[in-house]
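Asks: Pasting target-v5.cif here (mmCIF, C-alpha atoms and all ligand atoms):
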data_model
loop_
_atom_site.group_PDB
_atom_site.id
_atom_site.type_symbol
_atom_site.label_atom_id
_atom_site.label_comp_id
_atom_site.auth_asym_id
_atom_site.auth_seq_id
_atom_site.Cartn_x
_atom_site.Cartn_y
_atom_site.Cartn_z
ATOM 1 C CA MET A 1 -17.789 12.025 -1.254
ATOM 2 C CA THR A 2 -14.153 12.231 -0.212
ATOM 3 C CA ALA A 3 -11.471 9.615 -0.594
ATOM 4 C CA ARG A 4 -10.906 6.742 1.778
ATOM 5 C CA ILE A 5 -7.190 6.641 2.481
ATOM 6 C CA PHE A 6 -5.372 3.376 3.158
ATOM 7 C CA CYS A 7 -1.760 2.559 3.925
ATOM 8 C CA ILE A 8 -0.345 -0.683 2.621
ATOM 9 C CA ALA A 9 2.165 -1.373 5.358
ATOM 10 C CA ASN A 10 4.404 -4.022 6.851
ATOM 11 C CA GLN A 11 7.863 -3.127 8.112
ATOM 12 C CA LYS A 12 9.358 -6.181 6.453
ATOM 13 C CA GLY A 13 10.693 -5.836 2.931
ATOM 14 C CA GLY A 14 9.699 -8.124 0.087
ATOM 15 C CA VAL A 15 6.378 -9.172 1.601
ATOM 16 C CA GLY A 16 4.217 -7.889 -1.248
ATOM 17 C CA LYS A 17 3.298 -4.323 -0.243
ATOM 18 C CA THR A 18 4.002 -2.775 -3.615
ATOM 19 C CA THR A 19 2.446 -5.629 -5.552
ATOM 20 C CA THR A 20 -0.655 -5.264 -3.391
ATOM 21 C CA THR A 21 -0.771 -1.473 -3.834
ATOM 22 C CA VAL A 22 -0.585 -1.371 -7.626
ATOM 23 C CA ASN A 23 -2.828 -4.379 -8.196
ATOM 24 C CA LEU A 24 -5.459 -3.250 -5.710
ATOM 25 C CA ALA A 25 -5.361 0.155 -7.427
ATOM 26 C CA ALA A 26 -5.862 -1.420 -10.842
ATOM 27 C CA GLY A 27 -8.582 -3.708 -9.475
ATOM 28 C CA LEU A 28 -10.444 -0.783 -7.913
ATOM 29 C CA ALA A 29 -10.094 1.192 -11.156
ATOM 30 C CA GLN A 30 -11.535 -1.767 -13.017
ATOM 31 C CA VAL A 31 -14.665 -1.721 -10.852
ATOM 32 C CA GLY A 32 -15.100 1.980 -11.573
ATOM 33 C CA ARG A 33 -13.412 3.631 -8.617
ATOM 34 C CA ARG A 34 -11.157 6.710 -8.872
ATOM 35 C CA VAL A 35 -7.804 5.863 -7.321
ATOM 36 C CA LEU A 36 -4.579 7.645 -6.384
ATOM 37 C CA VAL A 37 -1.460 5.658 -5.505
ATOM 38 C CA VAL A 38 1.052 7.477 -3.300
ATOM 39 C CA ASP A 39 4.528 5.983 -3.456
ATOM 40 C CA LEU A 40 6.211 6.600 -0.089
ATOM 41 C CA ASP A 41 9.189 4.323 -0.742
ATOM 42 C CA PRO A 42 12.417 5.903 -2.091
ATOM 43 C CA GLN A 43 12.884 2.708 -4.125
ATOM 44 C CA GLY A 44 10.048 3.949 -6.326
ATOM 45 C CA ASN A 45 8.809 0.462 -7.169
ATOM 46 C CA ALA A 46 5.135 1.414 -7.128
ATOM 47 C CA THR A 47 5.966 4.307 -9.464
ATOM 48 C CA MET A 48 7.835 2.100 -11.961
ATOM 49 C CA GLY A 49 5.316 -0.723 -11.579
ATOM 50 C CA SER A 50 2.600 1.729 -12.580
ATOM 51 C CA GLY A 51 4.464 2.614 -15.774
ATOM 52 C CA VAL A 52 5.733 5.987 -14.571
ATOM 53 C CA ASP A 53 9.487 6.512 -14.953
ATOM 54 C CA LYS A 54 10.904 7.465 -11.563
ATOM 55 C CA ARG A 55 14.092 8.839 -13.187
ATOM 56 C CA SER A 56 12.268 11.587 -15.042
ATOM 57 C CA LEU A 57 9.644 12.767 -12.570
ATOM 58 C CA PRO A 58 9.235 16.551 -12.868
ATOM 59 C CA LEU A 59 7.758 16.603 -9.348
ATOM 60 C CA SER A 60 7.389 13.837 -6.816
ATOM 61 C CA VAL A 61 6.071 13.032 -3.361
ATOM 62 C CA TYR A 62 9.319 14.552 -2.065
ATOM 63 C CA ASP A 63 8.265 18.001 -3.307
ATOM 64 C CA VAL A 64 4.828 17.479 -1.781
ATOM 65 C CA LEU A 65 6.227 16.534 1.642
ATOM 66 C CA LEU A 66 8.488 19.583 1.609
ATOM 67 C CA GLU A 67 5.511 21.703 0.524
ATOM 68 C CA SER A 68 7.096 22.989 -2.656
ATOM 69 C CA ALA A 69 4.391 21.385 -4.822
ATOM 70 C CA SER A 70 0.772 20.266 -4.484
ATOM 71 C CA ILE A 71 -0.413 16.758 -5.292
ATOM 72 C CA ALA A 72 -2.471 18.183 -8.153
ATOM 73 C CA GLU A 73 0.775 19.492 -9.673
ATOM 74 C CA ALA A 74 2.885 16.407 -8.998
ATOM 75 C CA ARG A 75 0.562 13.509 -9.854
ATOM 76 C CA GLN A 76 0.917 11.465 -13.025
ATOM 77 C CA ARG A 77 -1.370 9.030 -14.800
ATOM 78 C CA SER A 78 -0.529 5.326 -14.877
ATOM 79 C CA PRO A 79 -0.810 4.701 -18.621
ATOM 80 C CA LYS A 80 -2.207 1.160 -18.286
ATOM 81 C CA GLY A 81 -3.323 1.017 -14.674
ATOM 82 C CA GLY A 82 -6.278 3.406 -14.915
ATOM 83 C CA TYR A 83 -5.295 5.351 -11.806
ATOM 84 C CA ASP A 84 -3.125 8.321 -10.785
ATOM 85 C CA VAL A 85 0.299 8.091 -9.166
ATOM 86 C CA LEU A 86 2.163 10.444 -6.873
ATOM 87 C CA GLY A 87 5.609 9.128 -7.695
ATOM 88 C CA ALA A 88 8.771 8.649 -5.682
ATOM 89 C CA ASN A 89 12.461 8.187 -6.342
ATOM 90 C CA ARG A 90 15.741 8.251 -4.432
ATOM 91 C CA GLU A 91 15.314 11.923 -3.645
ATOM 92 C CA LEU A 92 12.720 10.847 -1.095
ATOM 93 C CA ALA A 93 15.377 9.241 1.092
ATOM 94 C CA GLY A 94 16.611 12.769 1.876
ATOM 95 C CA ALA A 95 13.151 13.911 2.966
ATOM 96 C CA GLU A 96 13.447 11.780 6.061
ATOM 97 C CA VAL A 97 16.366 13.897 7.285
ATOM 98 C CA GLU A 98 15.032 17.229 6.055
ATOM 99 C CA LEU A 99 11.623 16.730 7.654
ATOM 100 C CA VAL A 100 12.992 16.090 11.128
ATOM 101 C CA GLU A 101 13.727 19.795 11.480
ATOM 102 C CA LEU A 102 10.334 20.969 10.305
ATOM 103 C CA GLU A 103 7.021 21.544 12.037
ATOM 104 C CA ARG A 104 4.010 19.313 11.370
ATOM 105 C CA ARG A 105 6.552 16.859 10.024
ATOM 106 C CA GLU A 106 4.356 13.804 10.403
ATOM 107 C CA LYS A 107 1.227 15.528 9.036
ATOM 108 C CA ARG A 108 2.609 16.702 5.678
ATOM 109 C CA LEU A 109 0.974 14.014 3.572
ATOM 110 C CA ARG A 110 -2.306 14.310 5.443
ATOM 111 C CA LEU A 111 -2.484 18.038 4.750
ATOM 112 C CA ALA A 112 -1.492 17.638 1.099
ATOM 113 C CA LEU A 113 -4.139 14.969 0.499
ATOM 114 C CA GLN A 114 -6.892 17.332 1.651
ATOM 115 C CA GLY A 115 -6.358 19.232 -1.592
ATOM 116 C CA VAL A 116 -7.295 16.252 -3.789
ATOM 117 C CA ALA A 117 -9.597 14.224 -1.515
ATOM 118 C CA SER A 118 -12.659 14.959 -3.635
ATOM 119 C CA ASP A 119 -10.913 13.737 -6.822
ATOM 120 C CA TYR A 120 -10.744 10.132 -5.604
ATOM 121 C CA ASP A 121 -12.702 7.306 -4.046
ATOM 122 C CA PHE A 122 -9.560 5.592 -2.775
ATOM 123 C CA VAL A 123 -6.021 6.693 -1.984
ATOM 124 C CA LEU A 124 -3.525 3.843 -1.507
ATOM 125 C CA VAL A 125 -0.218 4.671 0.164
ATOM 126 C CA ASP A 126 2.632 2.252 -0.535
ATOM 127 C CA CYS A 127 4.835 2.409 2.572
ATOM 128 C CA PRO A 128 8.569 1.718 2.805
ATOM 129 C CA PRO A 129 9.808 -1.327 4.761
ATOM 130 C CA SER A 130 10.363 0.536 8.022
ATOM 131 C CA LEU A 131 8.477 2.348 10.744
ATOM 132 C CA SER A 132 10.122 5.624 9.732
ATOM 133 C CA LEU A 133 8.921 9.207 9.476
ATOM 134 C CA LEU A 134 7.761 8.419 5.945
ATOM 135 C CA THR A 135 5.581 5.548 7.161
ATOM 136 C CA LEU A 136 4.383 7.804 9.980
ATOM 137 C CA ASN A 137 3.225 10.332 7.378
ATOM 138 C CA GLY A 138 1.249 7.546 5.726
ATOM 139 C CA LEU A 139 -0.295 6.398 9.011
ATOM 140 C CA CYS A 140 -1.216 9.954 10.032
ATOM 141 C CA ALA A 141 -2.988 10.484 6.718
ATOM 142 C CA ALA A 142 -4.887 7.204 6.596
ATOM 143 C CA HIS A 143 -8.261 5.914 7.729
ATOM 144 C CA GLY A 144 -6.918 2.406 7.769
ATOM 145 C CA VAL A 145 -4.068 0.008 7.209
ATOM 146 C CA VAL A 146 -3.972 -3.009 4.939
ATOM 147 C CA VAL A 147 -1.232 -5.446 5.944
ATOM 148 C CA PRO A 148 -0.031 -7.897 3.326
ATOM 149 C CA MET A 149 1.665 -10.930 4.823
ATOM 150 C CA GLN A 150 3.179 -14.183 3.741
ATOM 151 C CA CYS A 151 2.067 -17.273 5.577
ATOM 152 C CA GLU A 152 5.497 -18.089 6.898
ATOM 153 C CA TYR A 153 6.770 -19.104 10.266
ATOM 154 C CA PHE A 154 8.038 -15.669 11.315
ATOM 155 C CA ALA A 155 5.208 -13.681 9.750
ATOM 156 C CA LEU A 156 3.401 -13.007 13.013
ATOM 157 C CA GLU A 157 6.554 -12.077 14.882
ATOM 158 C CA GLY A 158 7.191 -8.766 13.115
ATOM 159 C CA LEU A 159 3.532 -7.905 13.161
ATOM 160 C CA SER A 160 3.452 -6.873 16.827
ATOM 161 C CA ASP A 161 5.736 -3.878 16.157
ATOM 162 C CA LEU A 162 3.437 -2.680 13.415
ATOM 163 C CA VAL A 163 0.342 -3.233 15.533
ATOM 164 C CA ASN A 164 1.929 -1.275 18.408
ATOM 165 C CA THR A 165 2.886 1.589 16.108
ATOM 166 C CA ILE A 166 -0.647 1.700 14.750
ATOM 167 C CA LYS A 167 -2.005 1.789 18.329
ATOM 168 C CA GLN A 168 0.333 4.666 19.220
ATOM 169 C CA VAL A 169 -0.574 6.667 16.132
ATOM 170 C CA HIS A 170 -4.240 6.007 16.867
ATOM 171 C CA ALA A 171 -3.821 7.245 20.451
ATOM 172 C CA ASN A 172 -1.625 10.285 19.796
ATOM 173 C CA LEU A 173 -1.877 11.495 16.232
ATOM 174 C CA ASN A 174 -4.761 10.038 14.249
ATOM 175 C CA PRO A 175 -7.819 8.710 16.105
ATOM 176 C CA GLU A 176 -9.381 7.552 12.822
ATOM 177 C CA LEU A 177 -6.672 5.015 12.139
ATOM 178 C CA GLN A 178 -7.573 1.343 12.292
ATOM 179 C CA ILE A 179 -6.380 -1.941 10.884
ATOM 180 C CA ILE A 180 -8.682 -2.720 7.978
ATOM 181 C CA GLY A 181 -7.338 -6.165 7.446
ATOM 182 C CA LEU A 182 -4.589 -8.665 6.848
ATOM 183 C CA LEU A 183 -4.129 -9.916 3.333
ATOM 184 C CA ARG A 184 -2.509 -13.295 2.787
ATOM 185 C CA VAL A 185 -0.181 -13.015 -0.218
ATOM 186 C CA MET A 186 2.182 -15.238 -2.211
ATOM 187 C CA PHE A 187 0.154 -18.138 -0.914
ATOM 188 C CA ASP A 188 0.976 -21.674 -1.998
ATOM 189 C CA PRO A 189 -1.723 -24.092 -0.792
ATOM 190 C CA ARG A 190 0.515 -27.095 -1.514
ATOM 191 C CA ILE A 191 2.804 -26.092 1.335
ATOM 192 C CA THR A 192 1.435 -27.500 4.586
ATOM 193 C CA LEU A 193 3.209 -24.913 6.723
ATOM 194 C CA GLN A 194 1.528 -22.109 4.812
ATOM 195 C CA GLN A 195 -1.885 -23.657 5.423
ATOM 196 C CA GLN A 196 -1.072 -23.965 9.116
ATOM 197 C CA VAL A 197 0.128 -20.372 9.428
ATOM 198 C CA SER A 198 -2.907 -19.190 7.473
ATOM 199 C CA GLU A 199 -5.140 -20.939 10.038
ATOM 200 C CA GLN A 200 -3.145 -19.389 12.888
ATOM 201 C CA ILE A 201 -3.584 -15.936 11.391
ATOM 202 C CA LYS A 202 -7.327 -16.503 11.102
ATOM 203 C CA ALA A 203 -7.567 -17.840 14.654
ATOM 204 C CA HIS A 204 -5.655 -14.839 15.975
ATOM 205 C CA PHE A 205 -7.137 -11.995 13.919
ATOM 206 C CA GLY A 206 -10.616 -13.336 13.076
ATOM 207 C CA ASP A 207 -12.596 -11.147 10.691
ATOM 208 C CA LYS A 208 -9.642 -8.780 10.317
ATOM 209 C CA VAL A 209 -8.348 -11.323 7.792
ATOM 210 C CA PHE A 210 -9.582 -10.727 4.257
ATOM 211 C CA ASP A 211 -11.375 -13.618 2.562
ATOM 212 C CA ALA A 212 -9.415 -12.997 -0.632
ATOM 213 C CA VAL A 213 -6.093 -14.839 -0.781
ATOM 214 C CA ILE A 214 -3.406 -13.865 -3.302
ATOM 215 C CA PRO A 215 -1.602 -16.912 -4.725
ATOM 216 C CA ARG A 216 2.045 -17.012 -5.647
ATOM 217 C CA ASN A 217 1.849 -16.291 -9.361
ATOM 218 C CA VAL A 218 4.736 -15.528 -11.679
ATOM 219 C CA ARG A 219 2.666 -13.154 -13.843
ATOM 220 C CA LEU A 220 2.398 -10.772 -10.871
ATOM 221 C CA ALA A 221 6.190 -10.772 -10.572
ATOM 222 C CA GLU A 222 6.705 -10.253 -14.317
ATOM 223 C CA ALA A 223 4.252 -7.374 -14.713
ATOM 224 C CA PRO A 224 6.423 -4.570 -13.199
ATOM 225 C CA SER A 225 9.049 -4.958 -15.916
ATOM 226 C CA TYR A 226 6.278 -4.183 -18.408
ATOM 227 C CA GLY A 227 5.343 -1.064 -16.423
ATOM 228 C CA GLN A 228 1.927 -2.223 -15.372
ATOM 229 C CA PRO A 229 0.100 -4.106 -12.617
ATOM 230 C CA GLY A 230 -0.542 -7.829 -13.099
ATOM 231 C CA VAL A 231 -4.255 -7.041 -13.152
ATOM 232 C CA THR A 232 -3.909 -5.327 -16.548
ATOM 233 C CA PHE A 233 -0.816 -7.198 -17.786
ATOM 234 C CA ASP A 234 -2.488 -10.611 -17.716
ATOM 235 C CA PRO A 235 -6.107 -10.295 -16.576
ATOM 236 C CA ALA A 236 -6.730 -14.027 -16.988
ATOM 237 C CA SER A 237 -3.932 -15.039 -14.618
ATOM 238 C CA LYS A 238 -4.749 -16.442 -11.189
ATOM 239 C CA GLY A 239 -2.909 -13.577 -9.505
ATOM 240 C CA ALA A 240 -4.821 -10.899 -11.419
ATOM 241 C CA GLN A 241 -8.147 -12.558 -10.692
ATOM 242 C CA ALA A 242 -7.340 -12.788 -6.994
ATOM 243 C CA PHE A 243 -6.560 -9.065 -6.850
ATOM 244 C CA VAL A 244 -9.795 -8.133 -8.626
ATOM 245 C CA GLU A 245 -11.605 -10.324 -6.108
ATOM 246 C CA PHE A 246 -9.764 -8.486 -3.323
ATOM 247 C CA ALA A 247 -10.750 -5.109 -4.811
ATOM 248 C CA ARG A 248 -14.390 -6.218 -4.781
ATOM 249 C CA GLU A 249 -14.062 -7.283 -1.150
ATOM 250 C CA MET A 250 -12.607 -3.868 -0.232
ATOM 251 C CA VAL A 251 -15.493 -2.104 -1.966
ATOM 252 C CA LYS A 252 -18.012 -4.352 -0.229
ATOM 253 C CA ARG A 253 -16.454 -3.715 3.174
ATOM 254 C CA LEU A 254 -15.916 0.003 2.751
ATOM 255 C CA GLY A 255 -18.233 1.277 0.042
HETATM 256 P P1 LIG B 1 7.468 -5.129 -0.845
HETATM 257 O O1 LIG B 1 6.857 -3.942 -1.510
HETATM 258 O O2 LIG B 1 6.786 -5.503 0.433
HETATM 259 O O3 LIG B 1 8.950 -5.003 -0.694
HETATM 260 P P2 LIG B 1 6.968 -6.473 -3.373
HETATM 261 O O4 LIG B 1 5.531 -6.240 -3.684
HETATM 262 O O5 LIG B 1 7.966 -5.627 -4.088
HETATM 263 O O6 LIG B 1 7.214 -6.404 -1.803
HETATM 264 O O7 LIG B 1 7.246 -8.017 -3.631
HETATM 265 C C1 LIG B 1 8.529 -8.583 -3.447
HETATM 266 C C2 LIG B 1 8.851 -9.495 -4.626
HETATM 267 O O8 LIG B 1 7.918 -10.575 -4.678
HETATM 268 C C3 LIG B 1 8.744 -8.794 -5.962
HETATM 269 O O9 LIG B 1 9.738 -9.279 -6.809
HETATM 270 C C4 LIG B 1 7.362 -9.190 -6.469
HETATM 271 O O10 LIG B 1 7.306 -9.192 -7.885
HETATM 272 C C5 LIG B 1 7.221 -10.589 -5.925
HETATM 273 N N1 LIG B 1 5.811 -10.924 -5.638
HETATM 274 C C6 LIG B 1 4.944 -10.219 -4.888
HETATM 275 N N2 LIG B 1 3.752 -10.839 -4.802
HETATM 276 C C7 LIG B 1 3.859 -11.969 -5.550
HETATM 277 C C8 LIG B 1 2.959 -13.046 -5.856
HETATM 278 N N3 LIG B 1 1.704 -13.080 -5.374
HETATM 279 N N4 LIG B 1 3.425 -14.047 -6.645
HETATM 280 C C9 LIG B 1 4.699 -14.021 -7.110
HETATM 281 N N5 LIG B 1 5.574 -13.061 -6.859
HETATM 282 C C10 LIG B 1 5.175 -12.028 -6.078
HETATM 283 MG MG MG B 2 7.736 -2.071 -1.940
#
Output the file's structure as structure tokens, nothing else.
Replies:
Amino acid sequence: MTARIFCIANQKGGVGKTTTTVNLAAGLAQVGRRVLVVDLDPQGNATMGSGVDKRSLPLSVYDVLLESASIAEARQRSPKGGYDVLGANRELAGAEVELVELERREKRLRLALQGVASDYDFVLVDCPPSLSLLTLNGLCAAHGVVVPMQCEYFALEGLSDLVNTIKQVHANLNPELQIIGLLRVMFDPRITLQQQVSEQIKAHFGDKVFDAVIPRNVRLAEAPSYGQPGVTFDPASKGAQAFVEFAREMVKRLG
């Protein structure tokens, strides 16, 4: 059994990609799955939010993309999360420029993951807020994309760029790639507009919308400063429970 690889992507910043990545990872770990989180964002938020200090990484995803280290050498264990992390820090911002010159530049992550595919059930790739070469590496490596989105007025607008990029990657670079689903996050049911946009999303994307809905919940926002996902930081919180529910839905859909 080799790992199913998913990108958590949306080219907007602050929409909940990293929160989704680390909490889905912890949720999947909780239901007994072996998980690797790959942090592809130079901000290193998924790394820090997993309790791994980005400032003192001996090796990171940067070294893996430049093929000076393997994932087996560079991965760390999230102390509380129950999953492994291939960390990132600011060094990764330079990879973008350095990779442009190199061959197989968009396939680096895909190739590196082959070396550890049998160690995991799921690999979750936390993408940066852009459709850059880093994101392209994620999309080339993945079987599918999970798109977290807020139910706000402009949410659907930016989505067409992502959907087009996914179509192009599917056509030219990675025929396996598909959209697994849209995840509604930071949801506040008291706000009428959010309910309306949520209905629009469902009308437009049908069963590509996950049943699980992640509520706006302050415990999810507090957890990173304690170096762990909300799922382990406060398991009884509404946010944590929603992510465990989402993890179960992913397992049910994908095995
Ligand atoms: P991205 O990775 O897309 O930039 P983040 O996951 O970092 O987005 O989320 C942006 C901000 O919103 C962070 O401060 C995070 O803690 C907060 N946040 C994310 N999801 C929730 C939620 N469900 N409830 C409350 N705050 C959230
Ligand atoms: Mg992020």
Asks: Atom CA of A:Ile191 and atom C2 of ligand LIG 1 (chain B) are how many Å apart?
Replies: 18.6 Å
Asks: What does the distance between atom CA of A:Glu222 and atom O10 of ligand LIG 1 (chain B) come to in Å, to one decimal place?
Replies: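 Separation of atom CA of A:Glu222 and atom O10 of ligand LIG 1 (chain B): 6.5 Å.
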Asks: Name all residues at most 9 Å from A:Leu173 (count all atoms listed in the file; drop same-chain ones fewer than 3 positions away) and give them as a list in words.
Replies: Glu106, Lys107, Leu139, Cys140, Gln168, Val169 and His170 of chain A
Asks: Applying 10 Å and only C-alpha atoms, which residues near stretch 126-138 of chain A remain after dropping the ones on its own chain fewer than 4 positions away? List them as a ChimeraX atom specification.
Replies: /A:5-15,17-22,37-47,65,92-93,95-97,99-100,104-111,142-145,161-162,165-166,169,173
Asks: Where does the PyMOL selection byres (((chain A and resi 77) around 10) and not hetatm) land in this file, that is, which residues does it pick, as number ranges by chain?
Replies: A: 36-37, 50-52, 75-76, 78-87
Asks: Just give me the residues with any atom within 12 Å of (2.9, -24.4, 10.8), file coordinates, counting all atoms listed in the file, written as a ChimeraX atom specification.
Replies: /A:151-156,191-201
Asks: Using all atoms of stretch 212-225 of chain A that appear in the file, construct an axis-aligned enclosing box with 5 Å of padding on every side and provide its centre coordinates and edge lengths in Å, rounded to one decimal, as lines of an AutoDock Vina configuration file.
Replies:
center_x = -0.2
center_y = -10.8
center_z = -8.3
size_x = 28.5
size_y = 22.4
size_z = 25.3
Asks: Taking all atoms listed in the file into account, name the residue in A:Leu66, A:Pro148, A:Phe243, A:Gly206 that is nearest to ligand MG 2 (chain B).
Replies: A:Pro148
